[in-house]
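J.: For reference, the file data-v7.txt (compact mmCIF, N, CA and C atoms and all ligand atoms) is included below:
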# COMPACT_ATOMS: atom_id res chain seq x y z
N MET A 29 5.15 23.08 -153.37
CA MET A 29 3.95 22.36 -153.81
C MET A 29 4.13 20.86 -153.70
N ILE A 30 3.10 20.22 -153.21
CA ILE A 30 3.16 18.76 -153.06
C ILE A 30 2.78 18.09 -154.38
N ILE A 31 3.71 17.30 -154.90
CA ILE A 31 3.44 16.65 -156.18
C ILE A 31 2.91 15.23 -155.96
N VAL A 32 3.58 14.50 -155.06
CA VAL A 32 3.06 13.17 -154.77
C VAL A 32 2.50 13.18 -153.35
N GLY A 33 1.51 12.36 -153.11
CA GLY A 33 0.93 12.34 -151.78
C GLY A 33 -0.08 11.25 -151.62
N LEU A 34 -0.77 11.29 -150.50
CA LEU A 34 -1.81 10.32 -150.24
C LEU A 34 -3.14 11.06 -150.19
N ASN A 35 -4.09 10.57 -150.93
CA ASN A 35 -5.41 11.19 -150.92
C ASN A 35 -6.46 10.12 -150.77
N SER A 36 -7.55 10.48 -150.12
CA SER A 36 -8.60 9.48 -150.10
C SER A 36 -9.74 9.94 -151.00
N ARG A 37 -10.37 8.96 -151.58
CA ARG A 37 -11.43 9.26 -152.53
C ARG A 37 -12.57 8.29 -152.33
N ALA A 38 -13.78 8.83 -152.36
CA ALA A 38 -14.94 7.98 -152.11
C ALA A 38 -15.64 7.64 -153.42
N LYS A 39 -15.97 6.37 -153.56
CA LYS A 39 -16.65 5.90 -154.77
C LYS A 39 -18.03 5.38 -154.42
N LYS A 40 -18.99 5.71 -155.25
CA LYS A 40 -20.36 5.25 -154.98
C LYS A 40 -20.48 3.76 -155.30
N VAL A 41 -21.02 2.98 -154.36
CA VAL A 41 -21.24 1.57 -154.65
C VAL A 41 -22.72 1.23 -154.84
N LYS A 42 -23.59 2.03 -154.25
CA LYS A 42 -25.02 1.76 -154.30
C LYS A 42 -25.77 3.04 -153.99
N SER A 43 -27.07 3.05 -154.28
CA SER A 43 -27.88 4.16 -153.79
C SER A 43 -29.27 3.66 -153.45
N GLY A 44 -30.04 4.47 -152.76
CA GLY A 44 -31.37 4.04 -152.36
C GLY A 44 -32.00 5.13 -151.52
N SER A 45 -33.00 4.78 -150.71
CA SER A 45 -33.57 5.80 -149.84
C SER A 45 -33.56 5.31 -148.40
N PHE A 46 -33.45 6.25 -147.48
CA PHE A 46 -33.38 5.92 -146.06
C PHE A 46 -33.96 7.08 -145.26
N ASP A 47 -34.17 6.85 -143.97
CA ASP A 47 -34.66 7.92 -143.11
C ASP A 47 -33.47 8.69 -142.55
N CYS A 48 -33.25 9.88 -143.05
CA CYS A 48 -32.10 10.66 -142.60
C CYS A 48 -32.42 11.32 -141.25
N PRO A 49 -31.61 11.02 -140.21
CA PRO A 49 -31.89 11.59 -138.89
C PRO A 49 -31.78 13.11 -138.90
N HIS A 50 -30.90 13.65 -139.72
CA HIS A 50 -30.75 15.10 -139.73
C HIS A 50 -31.91 15.79 -140.44
N CYS A 51 -32.30 15.27 -141.61
CA CYS A 51 -33.43 15.85 -142.34
C CYS A 51 -34.77 15.52 -141.67
N GLY A 52 -34.80 14.38 -140.94
CA GLY A 52 -36.05 13.95 -140.33
C GLY A 52 -37.06 13.46 -141.37
N LYS A 53 -36.56 13.06 -142.53
CA LYS A 53 -37.42 12.63 -143.64
C LYS A 53 -36.75 11.49 -144.40
N THR A 54 -37.54 10.84 -145.25
CA THR A 54 -36.96 9.85 -146.14
C THR A 54 -36.23 10.59 -147.26
N ARG A 55 -34.97 10.24 -147.44
CA ARG A 55 -34.14 10.91 -148.45
C ARG A 55 -33.39 9.88 -149.29
N LEU A 56 -32.89 10.33 -150.41
CA LEU A 56 -32.03 9.46 -151.21
C LEU A 56 -30.64 9.44 -150.59
N TYR A 57 -29.99 8.28 -150.67
CA TYR A 57 -28.62 8.22 -150.18
C TYR A 57 -27.70 7.62 -151.22
N ASP A 58 -26.42 7.91 -151.10
CA ASP A 58 -25.38 7.18 -151.82
C ASP A 58 -24.60 6.38 -150.80
N HIS A 59 -24.40 5.11 -151.10
CA HIS A 59 -23.54 4.27 -150.27
C HIS A 59 -22.15 4.36 -150.89
N LYS A 60 -21.19 4.87 -150.14
CA LYS A 60 -19.86 5.09 -150.71
C LYS A 60 -18.78 4.33 -149.96
N ARG A 61 -17.75 4.02 -150.69
CA ARG A 61 -16.60 3.33 -150.10
C ARG A 61 -15.39 4.23 -150.32
N SER A 62 -14.68 4.54 -149.27
CA SER A 62 -13.51 5.38 -149.50
C SER A 62 -12.23 4.57 -149.45
N LYS A 63 -11.34 4.95 -150.30
CA LYS A 63 -10.07 4.26 -150.46
C LYS A 63 -8.95 5.28 -150.37
N LEU A 64 -7.83 4.86 -149.83
CA LEU A 64 -6.67 5.71 -149.78
C LEU A 64 -5.85 5.46 -151.05
N TYR A 65 -5.49 6.53 -151.72
CA TYR A 65 -4.73 6.41 -152.96
C TYR A 65 -3.37 7.09 -152.84
N PHE A 66 -2.42 6.52 -153.52
CA PHE A 66 -1.16 7.21 -153.73
C PHE A 66 -1.41 8.10 -154.94
N SER A 67 -1.19 9.40 -154.79
CA SER A 67 -1.57 10.30 -155.88
C SER A 67 -0.39 11.11 -156.39
N PHE A 68 -0.52 11.52 -157.62
CA PHE A 68 0.50 12.30 -158.29
C PHE A 68 -0.19 13.51 -158.89
N PHE A 69 0.23 14.71 -158.51
CA PHE A 69 -0.47 15.94 -158.90
C PHE A 69 -1.97 15.85 -158.63
N PHE A 70 -2.30 15.30 -157.46
CA PHE A 70 -3.68 15.16 -157.00
C PHE A 70 -4.52 14.19 -157.82
N ILE A 71 -3.88 13.46 -158.73
CA ILE A 71 -4.63 12.44 -159.48
C ILE A 71 -4.37 11.09 -158.81
N PRO A 72 -5.44 10.46 -158.29
CA PRO A 72 -5.24 9.17 -157.62
C PRO A 72 -4.74 8.12 -158.60
N LEU A 73 -3.62 7.51 -158.28
CA LEU A 73 -3.04 6.53 -159.19
C LEU A 73 -3.13 5.10 -158.68
N ILE A 74 -2.64 4.90 -157.47
CA ILE A 74 -2.55 3.54 -156.96
C ILE A 74 -3.43 3.38 -155.72
N PRO A 75 -4.47 2.53 -155.80
CA PRO A 75 -5.29 2.31 -154.61
C PRO A 75 -4.49 1.58 -153.54
N LEU A 76 -4.48 2.09 -152.31
CA LEU A 76 -3.68 1.48 -151.26
C LEU A 76 -4.51 0.63 -150.30
N LYS A 77 -5.55 1.23 -149.74
CA LYS A 77 -6.37 0.40 -148.84
C LYS A 77 -7.74 1.01 -148.64
N ASP A 78 -8.67 0.16 -148.21
CA ASP A 78 -10.02 0.62 -147.93
C ASP A 78 -10.03 1.39 -146.62
N GLN A 79 -10.78 2.48 -146.59
CA GLN A 79 -10.87 3.26 -145.37
C GLN A 79 -12.26 3.19 -144.76
N GLY A 80 -13.07 2.30 -145.26
CA GLY A 80 -14.40 2.18 -144.67
C GLY A 80 -15.49 2.67 -145.60
N GLU A 81 -16.72 2.35 -145.22
CA GLU A 81 -17.87 2.70 -146.05
C GLU A 81 -18.79 3.61 -145.27
N PHE A 82 -19.56 4.38 -145.98
CA PHE A 82 -20.52 5.24 -145.30
C PHE A 82 -21.71 5.52 -146.18
N ILE A 83 -22.74 6.04 -145.56
CA ILE A 83 -23.98 6.41 -146.23
C ILE A 83 -24.04 7.93 -146.22
N GLU A 84 -24.28 8.51 -147.40
CA GLU A 84 -24.33 9.97 -147.47
C GLU A 84 -25.71 10.41 -147.94
N CYS A 85 -26.37 11.23 -147.14
CA CYS A 85 -27.68 11.77 -147.51
C CYS A 85 -27.49 12.72 -148.69
N GLN A 86 -28.29 12.52 -149.74
CA GLN A 86 -28.12 13.35 -150.92
C GLN A 86 -28.86 14.67 -150.83
N HIS A 87 -29.42 14.92 -149.65
CA HIS A 87 -30.08 16.22 -149.45
C HIS A 87 -29.21 17.11 -148.55
N CYS A 88 -28.84 16.59 -147.37
CA CYS A 88 -28.04 17.41 -146.44
C CYS A 88 -26.55 17.07 -146.51
N PHE A 89 -26.20 15.98 -147.22
CA PHE A 89 -24.82 15.53 -147.39
C PHE A 89 -24.12 15.18 -146.09
N ARG A 90 -24.91 14.89 -145.05
CA ARG A 90 -24.29 14.36 -143.84
C ARG A 90 -23.96 12.89 -144.09
N GLN A 91 -22.93 12.41 -143.38
CA GLN A 91 -22.50 11.03 -143.58
C GLN A 91 -22.75 10.20 -142.33
N TYR A 92 -23.13 8.96 -142.56
CA TYR A 92 -23.46 8.06 -141.46
C TYR A 92 -22.81 6.71 -141.69
N ALA A 93 -22.65 5.95 -140.58
CA ALA A 93 -22.17 4.59 -140.71
C ALA A 93 -23.23 3.75 -141.43
N VAL A 94 -22.80 2.72 -142.14
CA VAL A 94 -23.75 1.92 -142.95
C VAL A 94 -24.84 1.26 -142.12
N GLU A 95 -24.59 1.05 -140.83
CA GLU A 95 -25.60 0.41 -139.97
C GLU A 95 -26.90 1.22 -139.93
N ILE A 96 -26.84 2.49 -140.36
CA ILE A 96 -28.05 3.31 -140.33
C ILE A 96 -29.14 2.74 -141.24
N LEU A 97 -28.74 1.89 -142.18
CA LEU A 97 -29.74 1.31 -143.09
C LEU A 97 -30.57 0.21 -142.45
N GLN A 98 -30.14 -0.25 -141.26
CA GLN A 98 -30.98 -1.23 -140.57
C GLN A 98 -32.31 -0.57 -140.28
N ARG A 99 -33.37 -1.28 -140.54
CA ARG A 99 -34.68 -0.64 -140.49
C ARG A 99 -35.22 -0.36 -139.09
N LYS A 100 -34.66 -1.01 -138.08
CA LYS A 100 -35.25 -0.78 -136.76
C LYS A 100 -34.93 0.64 -136.27
N PRO A 101 -35.83 1.19 -135.44
CA PRO A 101 -35.61 2.55 -134.97
C PRO A 101 -34.31 2.64 -134.15
N LEU A 102 -33.65 3.74 -134.26
CA LEU A 102 -32.38 3.90 -133.57
C LEU A 102 -32.57 4.38 -132.13
N THR A 103 -31.69 3.91 -131.27
CA THR A 103 -31.70 4.45 -129.90
C THR A 103 -30.98 5.80 -129.94
N ALA A 104 -31.11 6.58 -128.88
CA ALA A 104 -30.45 7.89 -128.83
C ALA A 104 -28.94 7.72 -128.94
N VAL A 105 -28.41 6.66 -128.28
CA VAL A 105 -26.96 6.41 -128.33
C VAL A 105 -26.53 6.16 -129.78
N GLU A 106 -27.29 5.29 -130.48
CA GLU A 106 -26.93 4.97 -131.87
C GLU A 106 -27.00 6.20 -132.77
N ARG A 107 -28.04 7.00 -132.57
CA ARG A 107 -28.21 8.17 -133.41
C ARG A 107 -27.00 9.11 -133.32
N HIS A 108 -26.45 9.22 -132.12
CA HIS A 108 -25.28 10.08 -131.96
C HIS A 108 -23.99 9.37 -132.35
N ALA A 109 -24.00 8.04 -132.20
CA ALA A 109 -22.77 7.29 -132.48
C ALA A 109 -22.45 7.21 -133.97
N PHE A 110 -23.48 7.16 -134.83
CA PHE A 110 -23.22 6.98 -136.26
C PHE A 110 -22.37 8.09 -136.86
N PRO A 111 -22.74 9.37 -136.69
CA PRO A 111 -21.88 10.41 -137.28
C PRO A 111 -20.48 10.44 -136.64
N ILE A 112 -20.40 10.08 -135.35
CA ILE A 112 -19.09 10.09 -134.69
C ILE A 112 -18.20 8.98 -135.20
N LYS A 113 -18.83 7.85 -135.51
CA LYS A 113 -18.06 6.73 -136.08
C LYS A 113 -17.36 7.19 -137.37
N ILE A 114 -18.08 7.95 -138.19
CA ILE A 114 -17.50 8.47 -139.43
C ILE A 114 -16.32 9.40 -139.13
N ASP A 115 -16.50 10.29 -138.16
CA ASP A 115 -15.40 11.19 -137.77
C ASP A 115 -14.18 10.38 -137.33
N LEU A 116 -14.44 9.36 -136.51
CA LEU A 116 -13.33 8.56 -135.98
C LEU A 116 -12.63 7.79 -137.08
N GLN A 117 -13.41 7.28 -138.04
CA GLN A 117 -12.81 6.53 -139.15
C GLN A 117 -11.98 7.44 -140.04
N SER A 118 -12.29 8.74 -140.02
CA SER A 118 -11.49 9.62 -140.86
C SER A 118 -10.34 10.25 -140.08
N GLY A 119 -10.10 9.76 -138.85
CA GLY A 119 -8.88 10.15 -138.15
C GLY A 119 -9.03 11.13 -136.99
N THR A 120 -10.28 11.45 -136.62
CA THR A 120 -10.46 12.32 -135.45
C THR A 120 -10.09 11.56 -134.18
N PRO A 121 -9.28 12.17 -133.29
CA PRO A 121 -8.96 11.48 -132.03
C PRO A 121 -10.23 11.27 -131.20
N ILE A 122 -10.27 10.13 -130.48
CA ILE A 122 -11.43 9.80 -129.66
C ILE A 122 -11.67 10.90 -128.61
N GLU A 123 -10.59 11.44 -128.06
CA GLU A 123 -10.72 12.50 -127.05
C GLU A 123 -11.46 13.72 -127.61
N MET A 124 -11.19 14.02 -128.88
CA MET A 124 -11.82 15.19 -129.49
C MET A 124 -13.32 14.97 -129.71
N ALA A 125 -13.67 13.75 -130.15
CA ALA A 125 -15.07 13.40 -130.36
C ALA A 125 -15.83 13.46 -129.03
N ARG A 126 -15.16 12.97 -127.97
CA ARG A 126 -15.79 12.97 -126.64
C ARG A 126 -16.03 14.42 -126.18
N GLN A 127 -15.02 15.26 -126.37
CA GLN A 127 -15.14 16.65 -125.94
C GLN A 127 -16.26 17.39 -126.69
N LYS A 128 -16.38 17.06 -127.98
CA LYS A 128 -17.41 17.68 -128.80
C LYS A 128 -18.80 17.40 -128.23
N LEU A 129 -19.01 16.13 -127.81
CA LEU A 129 -20.30 15.76 -127.22
C LEU A 129 -20.51 16.45 -125.87
N LEU A 130 -19.45 16.48 -125.07
CA LEU A 130 -19.57 17.12 -123.76
C LEU A 130 -19.90 18.60 -123.93
N ASN A 131 -19.29 19.22 -124.94
CA ASN A 131 -19.56 20.64 -125.21
C ASN A 131 -21.00 20.88 -125.63
N GLN A 132 -21.63 19.83 -126.21
CA GLN A 132 -23.03 19.99 -126.60
C GLN A 132 -23.97 19.80 -125.42
N GLY A 133 -23.38 19.53 -124.24
CA GLY A 133 -24.18 19.48 -123.02
C GLY A 133 -24.71 18.11 -122.64
N PHE A 134 -24.20 17.03 -123.29
CA PHE A 134 -24.67 15.70 -122.93
C PHE A 134 -24.01 15.24 -121.62
N ALA A 135 -24.75 14.43 -120.86
CA ALA A 135 -24.23 13.89 -119.61
C ALA A 135 -23.05 12.96 -119.90
N SER A 136 -22.08 12.92 -118.99
CA SER A 136 -20.87 12.16 -119.28
C SER A 136 -21.11 10.66 -119.44
N GLU A 137 -22.07 10.07 -118.70
CA GLU A 137 -22.34 8.63 -118.87
C GLU A 137 -22.89 8.36 -120.28
N PHE A 138 -23.75 9.24 -120.75
CA PHE A 138 -24.30 9.11 -122.10
C PHE A 138 -23.18 9.23 -123.13
N VAL A 139 -22.30 10.19 -122.92
CA VAL A 139 -21.19 10.40 -123.85
C VAL A 139 -20.30 9.16 -123.92
N GLU A 140 -20.02 8.54 -122.76
CA GLU A 140 -19.20 7.32 -122.75
C GLU A 140 -19.86 6.19 -123.54
N GLU A 141 -21.18 6.07 -123.40
CA GLU A 141 -21.91 5.04 -124.16
C GLU A 141 -21.81 5.27 -125.66
N VAL A 142 -21.95 6.54 -126.06
CA VAL A 142 -21.88 6.89 -127.47
C VAL A 142 -20.47 6.59 -128.02
N ILE A 143 -19.46 6.98 -127.26
CA ILE A 143 -18.07 6.76 -127.68
C ILE A 143 -17.77 5.26 -127.79
N GLU A 144 -18.24 4.50 -126.80
CA GLU A 144 -18.05 3.05 -126.79
C GLU A 144 -18.65 2.42 -128.05
N LYS A 145 -19.86 2.87 -128.38
CA LYS A 145 -20.59 2.37 -129.54
C LYS A 145 -19.86 2.76 -130.84
N ALA A 146 -19.40 4.00 -130.91
CA ALA A 146 -18.78 4.50 -132.14
C ALA A 146 -17.36 3.98 -132.33
N ALA A 147 -16.61 3.85 -131.25
CA ALA A 147 -15.19 3.51 -131.38
C ALA A 147 -14.90 2.02 -131.24
N GLY A 148 -15.79 1.27 -130.58
CA GLY A 148 -15.52 -0.14 -130.34
C GLY A 148 -14.42 -0.28 -129.30
N SER A 149 -14.00 -1.53 -129.06
CA SER A 149 -13.05 -1.70 -127.97
C SER A 149 -11.60 -1.73 -128.42
N SER A 150 -11.34 -2.07 -129.71
CA SER A 150 -9.93 -2.08 -130.09
C SER A 150 -9.53 -0.71 -130.62
N ARG A 151 -8.60 -0.10 -129.94
CA ARG A 151 -8.17 1.26 -130.25
C ARG A 151 -6.65 1.32 -130.29
N ARG A 152 -6.14 2.36 -130.89
CA ARG A 152 -4.69 2.54 -130.93
C ARG A 152 -4.37 3.89 -130.31
N SER A 153 -3.19 3.99 -129.75
CA SER A 153 -2.86 5.28 -129.16
C SER A 153 -1.52 5.79 -129.66
N CYS A 154 -1.36 7.10 -129.57
CA CYS A 154 -0.14 7.75 -130.02
C CYS A 154 0.89 7.69 -128.89
N PRO A 155 2.08 7.12 -129.19
CA PRO A 155 3.09 7.02 -128.13
C PRO A 155 3.64 8.39 -127.71
N ARG A 156 3.46 9.40 -128.55
CA ARG A 156 4.02 10.71 -128.23
C ARG A 156 3.03 11.57 -127.42
N CYS A 157 1.80 11.71 -127.93
CA CYS A 157 0.89 12.63 -127.24
C CYS A 157 -0.27 11.92 -126.56
N SER A 158 -0.29 10.57 -126.65
CA SER A 158 -1.26 9.70 -126.01
C SER A 158 -2.74 9.90 -126.42
N ARG A 159 -2.98 10.52 -127.55
CA ARG A 159 -4.34 10.57 -128.10
C ARG A 159 -4.70 9.15 -128.57
N THR A 160 -5.98 8.82 -128.50
CA THR A 160 -6.38 7.49 -128.96
C THR A 160 -7.26 7.57 -130.21
N TYR A 161 -7.17 6.51 -131.01
CA TYR A 161 -7.86 6.46 -132.30
C TYR A 161 -8.49 5.09 -132.50
N VAL A 162 -9.41 4.99 -133.47
CA VAL A 162 -9.93 3.67 -133.81
C VAL A 162 -8.83 2.88 -134.53
N LYS A 163 -9.00 1.55 -134.61
CA LYS A 163 -7.89 0.70 -135.03
C LYS A 163 -7.45 0.85 -136.49
N THR A 164 -8.32 1.45 -137.35
CA THR A 164 -7.94 1.60 -138.75
C THR A 164 -7.02 2.79 -139.01
N ILE A 165 -6.84 3.64 -138.01
CA ILE A 165 -6.01 4.83 -138.20
C ILE A 165 -4.55 4.49 -137.91
N GLU A 166 -3.65 5.01 -138.75
CA GLU A 166 -2.23 4.66 -138.61
C GLU A 166 -1.39 5.78 -138.02
N LYS A 167 -1.87 7.02 -138.22
CA LYS A 167 -1.01 8.14 -137.88
C LYS A 167 -1.76 9.14 -137.01
N CYS A 168 -1.10 9.71 -136.03
CA CYS A 168 -1.72 10.68 -135.12
C CYS A 168 -2.01 11.99 -135.84
N ALA A 169 -3.27 12.44 -135.75
CA ALA A 169 -3.66 13.69 -136.41
C ALA A 169 -3.13 14.91 -135.66
N GLU A 170 -2.81 14.72 -134.40
CA GLU A 170 -2.32 15.83 -133.57
C GLU A 170 -0.84 16.10 -133.81
N CYS A 171 -0.02 15.04 -133.77
CA CYS A 171 1.42 15.27 -133.84
C CYS A 171 2.10 14.55 -135.00
N GLY A 172 1.35 13.77 -135.76
CA GLY A 172 1.92 13.10 -136.93
C GLY A 172 2.70 11.83 -136.66
N HIS A 173 2.82 11.44 -135.39
CA HIS A 173 3.56 10.23 -135.03
C HIS A 173 2.77 8.98 -135.44
N LEU A 174 3.47 7.90 -135.76
CA LEU A 174 2.78 6.64 -136.05
C LEU A 174 2.21 6.06 -134.76
N LEU A 175 1.03 5.46 -134.89
CA LEU A 175 0.36 4.94 -133.69
C LEU A 175 0.88 3.56 -133.31
N ASP A 176 0.76 3.24 -132.03
CA ASP A 176 1.14 1.91 -131.52
C ASP A 176 0.16 0.86 -132.03
ZN ZN A 201 -30.26 14.44 -144.72
ZN ZN A 202 0.32 12.20 -131.31
Rewrite the coordinates I just gave you, this time as structure tokens.
Ligand SMILES: [Zn+2]
Ligand SMILES: [Zn+2]

T.:
Amino acid sequence: MIIVGLNSRAKKVKSGSFDCPHCGKTRLYDHKRSKLYFSFFFIPLIPLKDQGEFIECQHCFRQYAVEILQRKPLTAVERHAFPIKIDLQSGTPIEMARQKLLNQGFASEFVEEVIEKAAGSSRRSCPRCSRTYVKTIEKCAECGHLLD
């Protein structure tokens, strides 16, 4: 049994209403900030670092990047990039996110645009298995190696 470990926990900072792309309606949201904690028996004790912020629909509980609150209508690229940005920030390799989109039948040029938007240009890669991640990730989810 793991007694000490690292856990992340999301705290609500704000709430309001927004147009949820998944629900297709105006819904209530919670604006949350997640932090990595050093924990003991699963009780978070010491806050270590911020892991980013997100918007969570209180109806479907899907999570989006905070930019979704900008009132202008989203482009198709942005609509797909927001949920992927959240996946990437929580440690999903960029290759996996790209494959997921390709599996959904999107054209590869469109997929590259979405990935570019979601991941940005500064990325880190795993020296062992060469998976790439967004810059806030420290450890490879595939093999556990520390990223370059
Ligand atoms: Zn929703
Ligand atoms: Zn790796």

J.: Determine, using only C-alpha atoms and all ligand atoms, which residues of chain A have any atom at most 8 Å from an atom of ligand ZN 201 (chain A), and tabulate each with its shortest atom pair and distance in Å to one decimal place, rows ordered by chain and then rising number, as JSON lines.

T.:
{"residue": "A:Cys48", "atom": "CA", "partner": "A:ZN201", "partner_atom": "ZN", "distance": 4.7}
{"residue": "A:Pro49", "atom": "CA", "partner": "A:ZN201", "partner_atom": "ZN", "distance": 6.7}
{"residue": "A:His50", "atom": "CA", "partner": "A:ZN201", "partner_atom": "ZN", "distance": 5.1}
{"residue": "A:Cys51", "atom": "CA", "partner": "A:ZN201", "partner_atom": "ZN", "distance": 4.2}
{"residue": "A:Gly52", "atom": "CA", "partner": "A:ZN201", "partner_atom": "ZN", "distance": 7.3}
{"residue": "A:Lys53", "atom": "CA", "partner": "A:ZN201", "partner_atom": "ZN", "distance": 7.5}
{"residue": "A:Arg55", "atom": "CA", "partner": "A:ZN201", "partner_atom": "ZN", "distance": 6.4}
{"residue": "A:Glu84", "atom": "CA", "partner": "A:ZN201", "partner_atom": "ZN", "distance": 7.9}
{"residue": "A:Cys85", "atom": "CA", "partner": "A:ZN201", "partner_atom": "ZN", "distance": 4.6}
{"residue": "A:Gln86", "atom": "CA", "partner": "A:ZN201", "partner_atom": "ZN", "distance": 6.6}
{"residue": "A:His87", "atom": "CA", "partner": "A:ZN201", "partner_atom": "ZN", "distance": 5.1}
{"residue": "A:Cys88", "atom": "CA", "partner": "A:ZN201", "partner_atom": "ZN", "distance": 4.1}
{"residue": "A:Phe89", "atom": "CA", "partner": "A:ZN201", "partner_atom": "ZN", "distance": 6.2}
{"residue": "A:Arg90", "atom": "CA", "partner": "A:ZN201", "partner_atom": "ZN", "distance": 6.0}

J.: Write the residues you've just listed into a file as a PDB file, keeping the file's coordinate frame, and include N, CA and C atoms for each of them.

T.:
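Dumped to selection_31.pdb:
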ATOM      1  N   CYS A  48     -33.250   9.880-143.050  1.00  0.00           N
ATOM      2  CA  CYS A  48     -32.100  10.660-142.600  1.00  0.00           C
ATOM      3  C   CYS A  48     -32.420  11.320-141.250  1.00  0.00           C
ATOM      4  N   PRO A  49     -31.610  11.020-140.210  1.00  0.00           N
ATOM      5  CA  PRO A  49     -31.890  11.590-138.890  1.00  0.00           C
ATOM      6  C   PRO A  49     -31.780  13.110-138.900  1.00  0.00           C
ATOM      7  N   HIS A  50     -30.900  13.650-139.720  1.00  0.00           N
ATOM      8  CA  HIS A  50     -30.750  15.100-139.730  1.00  0.00           C
ATOM      9  C   HIS A  50     -31.910  15.790-140.440  1.00  0.00           C
ATOM     10  N   CYS A  51     -32.300  15.270-141.610  1.00  0.00           N
ATOM     11  CA  CYS A  51     -33.430  15.850-142.340  1.00  0.00           C
ATOM     12  C   CYS A  51     -34.770  15.520-141.670  1.00  0.00           C
ATOM     13  N   GLY A  52     -34.800  14.380-140.940  1.00  0.00           N
ATOM     14  CA  GLY A  52     -36.050  13.950-140.330  1.00  0.00           C
ATOM     15  C   GLY A  52     -37.060  13.460-141.370  1.00  0.00           C
ATOM     16  N   LYS A  53     -36.560  13.060-142.530  1.00  0.00           N
ATOM     17  CA  LYS A  53     -37.420  12.630-143.640  1.00  0.00           C
ATOM     18  C   LYS A  53     -36.750  11.490-144.400  1.00  0.00           C
ATOM     19  N   ARG A  55     -34.970  10.240-147.440  1.00  0.00           N
ATOM     20  CA  ARG A  55     -34.140  10.910-148.450  1.00  0.00           C
ATOM     21  C   ARG A  55     -33.390   9.880-149.290  1.00  0.00           C
ATOM     22  N   GLU A  84     -24.280   8.510-147.400  1.00  0.00           N
ATOM     23  CA  GLU A  84     -24.330   9.970-147.470  1.00  0.00           C
ATOM     24  C   GLU A  84     -25.710  10.410-147.940  1.00  0.00           C
ATOM     25  N   CYS A  85     -26.370  11.230-147.140  1.00  0.00           N
ATOM     26  CA  CYS A  85     -27.680  11.770-147.510  1.00  0.00           C
ATOM     27  C   CYS A  85     -27.490  12.720-148.690  1.00  0.00           C
ATOM     28  N   GLN A  86     -28.290  12.520-149.740  1.00  0.00           N
ATOM     29  CA  GLN A  86     -28.120  13.350-150.920  1.00  0.00           C
ATOM     30  C   GLN A  86     -28.860  14.670-150.830  1.00  0.00           C
ATOM     31  N   HIS A  87     -29.420  14.920-149.650  1.00  0.00           N
ATOM     32  CA  HIS A  87     -30.080  16.220-149.450  1.00  0.00           C
ATOM     33  C   HIS A  87     -29.210  17.110-148.550  1.00  0.00           C
ATOM     34  N   CYS A  88     -28.840  16.590-147.370  1.00  0.00           N
ATOM     35  CA  CYS A  88     -28.040  17.410-146.440  1.00  0.00           C
ATOM     36  C   CYS A  88     -26.550  17.070-146.510  1.00  0.00           C
ATOM     37  N   PHE A  89     -26.200  15.980-147.220  1.00  0.00           N
ATOM     38  CA  PHE A  89     -24.820  15.530-147.390  1.00  0.00           C
ATOM     39  C   PHE A  89     -24.120  15.180-146.090  1.00  0.00           C
ATOM     40  N   ARG A  90     -24.910  14.890-145.050  1.00  0.00           N
ATOM     41  CA  ARG A  90     -24.290  14.360-143.840  1.00  0.00           C
ATOM     42  C   ARG A  90     -23.960  12.890-144.090  1.00  0.00           C
TER      43      ARG A  90
END

J.: Would you work out the distance separating atom C of A:Leu130 from atom C of A:Ile96, expressed in Å to one decimal?

T.: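 Atom C of A:Ile96 lies 25.2 Å from atom C of A:Leu130.
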
J.: Assign secondary structure with DSSP using the backbone only, and return the residues of stretch 29-175 of chain A in strand (DSSP E) as a ChimeraX atom specification.

T.: /A:32-48,53-68,71-85,91-92,151-153,160-162

J.: What is the atom N of A:Thr54 to atom CA of A:Leu102 distance in Å?

T.: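 Between atom N of A:Thr54 and atom CA of A:Leu102 the gap works out to 14.5 Å.
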
J.: Write out as a PyMOL selection string all residues of chain A that DSSP puts in alpha helix (DSSP H) for this structure's backbone.

T.: chain A and resi 104-117+122-131+136-147

J.: If we count only C-alpha atoms, what is near A:Glu140 at a cut-off of 9 Å, once residues fewer than 5 positions away on the same chain are taken out, given as a list in words?

T.: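 After dropping sequence-adjacent residues, the list is Arg126, Ala135 and Lys145 of chain A.
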
J.: So which residues touch A:Val94 within 12 Å, counting only C-alpha atoms, skipping near sequence neighbours fewer than 6 positions away, as a PyMOL selection string?

T.: chain A and resi 41-43+46+57-61+80-85+106+109-111+113-114

J.: What's around stretch 63-75 of chain A at 9 Å? Count only C-alpha atoms, leave out sequence neighbours fewer than 3 positions away in its own chain, and write the answer as a list in words.

T.: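 So the residues in contact are Ile30, Ile31, Val32, Gly33, Leu34, Asn35, Ser36, Arg37, Ala38, Lys39, Asp78, Gln79 and Gly80 of chain A.
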
J.: Which one of A:Thr120, A:Gln91, A:Thr164, A:Gln132 sits closest to ligand ZN 202 (chain A) if you count only C-alpha atoms and all ligand atoms?

T.: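 Among the listed residues, A:Thr120 lies closest to ligand ZN 202 (chain A).
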
J.: Provide the atom N of A:Leu116 to atom C of A:Leu56 distance in Å, to one decimal place.

T.: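 Interatomic distance here is 21.5 Å.
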
J.: Each residue of chain A with at least one atom at most 10 Å from ligand ZN 202 (chain A) should appear once, together with its nearest atom pair and the corresponding distance in Å (one decimal); atoms considered: only C-alpha atoms and all ligand atoms; ordering: chain, then increasing residue number; output as CSV.

T.:
residue,atom,partner,partner_atom,distance
A:Pro121,CA,A:ZN202,ZN,9.3
A:Ser153,CA,A:ZN202,ZN,7.9
A:Cys154,CA,A:ZN202,ZN,4.7
A:Pro155,CA,A:ZN202,ZN,6.7
A:Arg156,CA,A:ZN202,ZN,5.0
A:Cys157,CA,A:ZN202,ZN,4.1
A:Ser158,CA,A:ZN202,ZN,6.1
A:Arg159,CA,A:ZN202,ZN,5.9
A:Thr160,CA,A:ZN202,ZN,8.5
A:Lys167,CA,A:ZN202,ZN,7.8
A:Cys168,CA,A:ZN202,ZN,4.6
A:Ala169,CA,A:ZN202,ZN,6.6
A:Glu170,CA,A:ZN202,ZN,5.0
A:Cys171,CA,A:ZN202,ZN,4.1
A:Gly172,CA,A:ZN202,ZN,5.9
A:His173,CA,A:ZN202,ZN,5.3
A:Leu174,CA,A:ZN202,ZN,7.7
A:Leu175,CA,A:ZN202,ZN,7.6
